[in-house]
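So the structure is just underneath, and the comments pick up after that.
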Amino acid sequence: MKKLIGSIFVLAILVQAPAAFAQGSASGNILAQANVLTPVTVTPQQDLDFGNVIPGTNKSVAITGTTAGRWLVQGTAGAEVDIDFTALPGNLTSGVNNLPIVYGATDAGHNGPNNPATATTFNPATGTLANISNPAATLFVWIGGTVQPAAAQASGLYTGTVTLTATYTGN
Amino acid sequence: MSAGPRPEVRRRARGCRIVRGARASVLAATAAAIALALFAVGARTEELSAPDRPPTVTGRGDLDFEDVVAGVPAAITRKDRHRAGAWWIRGTANVDVLLSLALPPSLSGPAGAQLPIAFGSDDAGFSWQQRPDLATGFNPHVPRVERLGSNGHGWVFLGGTVQPGLGQRAGAYLGTVVLTVAYVAQ
């Protein structure tokens, strides 16, 4: 009987045992990581210049033209940027006189190397996404357009400002 | 004469056997009662969910800020399923555990550059399932007691904010975050 009771107590102790064995702690690691990008810069390199225009005659400059507007975007190689023309005038001005200017769907382009002939075109009114070249870390952007002088357009020097903004997308 | 006392002896003997049998029955019943009581205690202990195995902690997701721009703080919420840090805890069902996080003050980058990282009072979360959106928020700087789920599992999620300076050196920055889990005494 003592053996029986003893066995019961042993069994009971075993039933209680796990709580005594399971005390403890454990640790696990993860990484916290970030990739700091070189600040993006936008440098104007060339004005969009229509040269002399004749009243009543439209004049266009293509992105491949020697007088197309050009910017150099620099930042982290391979990073994606959002390219937007945050100022895109509908008129050039000379005093109180306006000279209409329009932009076609392919009047803007971008390319890693400084070569508009192989650029990817886009609509300057909507902007686009592009990647800064790797490893050169450059992105050239061009803009063309068409001025539409009226037949009675007042003579003079007409100017306007086009602003290009490039922003990292995080991709 | 010699046969006379034999029945008594036998009776005594039988009586004695009977008494022994009765004592044995009582003892057996007592033992059974003790055993039942002990098993009952055991069952009660199970209801209280005493730990029956050591906890394990497995890192299941890095806190990944990806690309950040110098001068622009970048935050990741603990509910971000893809970029928040995550740990998987396995242990005994329904037991309380103490969660302690060792948080770096900065991440280390190229040429010894440091990228400050901050953790807000709601940047950590706990859930018994892998659902950061359902996790209960807590302050990662303060140890926290939570209860593992009925499956013995728990998940800890972590967000944070990196604060690159304007002149922050470009490149990859890394740091380690350690989660320690310990059973709370029952």
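All residue names refer to the structure tokens as shown: chains lettered A, B, ... in order, residues numbered from 1 in each chain, ligands numbered from 1 in order.
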
### Task
Do a neighbour search on Ala119 (chain A) at 6 Å with only C-alpha atoms, toss out local chain neighbours closer than 6 positions, and write the hits as number ranges by chain.
A: 109-111

#### Entry: Residue contacts of Ala26 (chain A) (8 Å, only C-alpha atoms) excluding same-chain residues fewer than 2 positions away, as a list in words
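Using only C-alpha atoms, the neighbours found are Gly24 and Gly28 of chain A; Pro54, Pro55, Thr56, Val57, Thr180, Val181 and Ala182 of chain B.
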
### Message
I'd like the neighbourhood of Phe126 (chain B) as a PyMOL selection string, where a residue qualifies if any of its atoms comes within 12 Å (using only C-alpha atoms), though same-chain residues fewer than 4 positions away should be ignored.
### Response
chain B and resi 78-79+85-89+97-100+122+130-140+144-149+153-158

Export of the given selection (C-alpha atoms) as a compact mmCIF listing (two decimals), in the first residue's frame:
# COMPACT_ATOMS: atom_id res chain seq x y z
CA ARG B 78 4.09 49.11 -36.42
CA LYS B 79 1.07 48.22 -38.56
CA GLY B 85 9.93 44.72 -37.46
CA ALA B 86 8.36 41.45 -36.34
CA TRP B 87 9.12 38.62 -33.93
CA TRP B 88 7.35 35.31 -33.48
CA ILE B 89 7.07 33.97 -29.93
CA VAL B 97 5.17 36.72 -20.72
CA LEU B 98 7.33 39.75 -20.08
CA LEU B 99 8.44 41.47 -23.29
CA SER B 100 11.60 43.56 -23.15
CA ASP B 122 2.99 53.46 -29.44
CA GLN B 130 0.37 37.52 -37.23
CA ARG B 131 -1.86 40.55 -37.63
CA PRO B 132 -0.04 43.82 -37.04
CA ASP B 133 -3.25 45.67 -37.81
CA LEU B 134 -4.91 44.02 -34.81
CA ALA B 135 -2.00 44.35 -32.41
CA THR B 136 -2.29 46.20 -29.13
CA GLY B 137 0.15 49.08 -28.99
CA PHE B 138 2.67 49.64 -26.23
CA ASN B 139 5.75 51.66 -25.46
CA PRO B 140 8.83 49.76 -26.65
CA ARG B 144 5.33 44.86 -21.13
CA VAL B 145 3.38 41.84 -19.87
CA GLU B 146 1.18 40.12 -22.44
CA ARG B 147 -0.52 36.74 -22.60
CA LEU B 148 0.30 34.20 -25.26
CA GLY B 149 -2.62 32.94 -27.29
CA HIS B 153 1.94 31.95 -29.98
CA GLY B 154 2.51 35.67 -29.85
CA TRP B 155 3.76 38.33 -32.25
CA VAL B 156 5.55 41.56 -31.52
CA PHE B 157 5.70 44.30 -34.11
CA LEU B 158 7.88 47.40 -34.10

### Message
What's around region 153-165 of chain A at 6 Å? Count only C-alpha atoms, leave out sequence neighbours fewer than 2 positions away in its own chain, and write the answer as a list in words.
### Response
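So, after excluding close chain neighbours, the residues are Pro55, Ile83, Asp84, Phe85, Thr86, Ala87, Leu88, Leu92, Thr93, Ser94, Pro149, Ala150 and Ala151 of chain A.
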
For N, CA, C and O atoms, I'd like the residues from the last selection saved as a compact mmCIF listing (two decimals), in the first residue's frame.
# COMPACT_ATOMS: atom_id res chain seq x y z
N PRO A 55 5.73 86.68 -86.85
CA PRO A 55 4.31 86.79 -86.52
C PRO A 55 3.46 85.97 -87.48
O PRO A 55 3.69 85.99 -88.71
N ILE A 83 9.51 63.11 -61.83
CA ILE A 83 9.88 64.33 -62.55
C ILE A 83 8.61 65.09 -62.90
O ILE A 83 7.72 64.56 -63.58
N ASP A 84 8.55 66.31 -62.43
CA ASP A 84 7.37 67.13 -62.72
C ASP A 84 7.80 68.53 -63.10
O ASP A 84 8.72 69.10 -62.48
N PHE A 85 7.12 69.08 -64.08
CA PHE A 85 7.32 70.49 -64.41
C PHE A 85 6.34 71.28 -63.54
O PHE A 85 5.15 71.36 -63.84
N THR A 86 6.85 71.79 -62.46
CA THR A 86 5.98 72.47 -61.50
C THR A 86 5.63 73.89 -61.96
O THR A 86 4.72 74.50 -61.40
N ALA A 87 6.36 74.38 -62.92
CA ALA A 87 5.96 75.64 -63.58
C ALA A 87 6.13 75.42 -65.07
O ALA A 87 7.22 75.14 -65.55
N LEU A 88 5.01 75.50 -65.78
CA LEU A 88 5.01 75.27 -67.23
C LEU A 88 4.12 76.35 -67.84
O LEU A 88 2.90 76.21 -67.88
N LEU A 92 4.58 83.09 -73.02
CA LEU A 92 5.79 83.86 -72.73
C LEU A 92 5.36 85.31 -72.72
O LEU A 92 4.38 85.69 -73.38
N THR A 93 6.05 86.10 -71.97
CA THR A 93 5.60 87.49 -71.84
C THR A 93 6.70 88.47 -72.23
O THR A 93 7.89 88.19 -72.07
N SER A 94 6.23 89.58 -72.75
CA SER A 94 7.11 90.72 -73.04
C SER A 94 6.33 91.95 -72.60
O SER A 94 5.47 92.44 -73.33
N PRO A 149 2.90 82.63 -82.34
CA PRO A 149 2.73 84.09 -82.43
C PRO A 149 1.55 84.45 -83.34
O PRO A 149 1.34 83.82 -84.38
N ALA A 150 0.80 85.42 -82.89
CA ALA A 150 -0.32 85.89 -83.72
C ALA A 150 0.22 86.69 -84.90
O ALA A 150 1.37 87.12 -84.90
N ALA A 151 -0.66 86.90 -85.86
CA ALA A 151 -0.23 87.67 -87.03
C ALA A 151 0.16 89.08 -86.64
O ALA A 151 1.05 89.69 -87.24

### Task
Compute the chain B side of the contact with chain A at 7 Å, counting only C-alpha atoms, and hand it back as a ChimeraX atom specification.
/B:31,35,38-39,42,50-59,61-70,85,170-183

### Task
Identify, on the basis of only C-alpha atoms, every residue whose closest approach to Ala105 (chain A) does not exceed 9 Å; exclude the query and any residue fewer than 5 positions from it along the same chain; express the result as a ChimeraX atom specification.
/A:121-126

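Here CA of His82 (chain B) stands at a distance of 13.7 Å from CA of Gly160 (chain B).
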
#### Entry: Residues near Asn131 (chain A), cut-off 9 Å, only C-alpha atoms, skip fewer than 6 positions along chain, as a PyMOL selection string
chain A and resi 77-82+111-112+138-139

### Task
Identify, with DSSP run on backbone atoms, the residues in region 37-182 of chain B assigned to strand (DSSP E or B), and express the list as a PyMOL selection string.
chain B and resi 56-61+63-69+74-76+85-90+96-102+106-108+114-118+124-127+136-138+144-147+153-158+160-162+171-182

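For the pair CA of Ile143 (chain A) and CA of Val53 (chain A), the separation is 18.3 Å.
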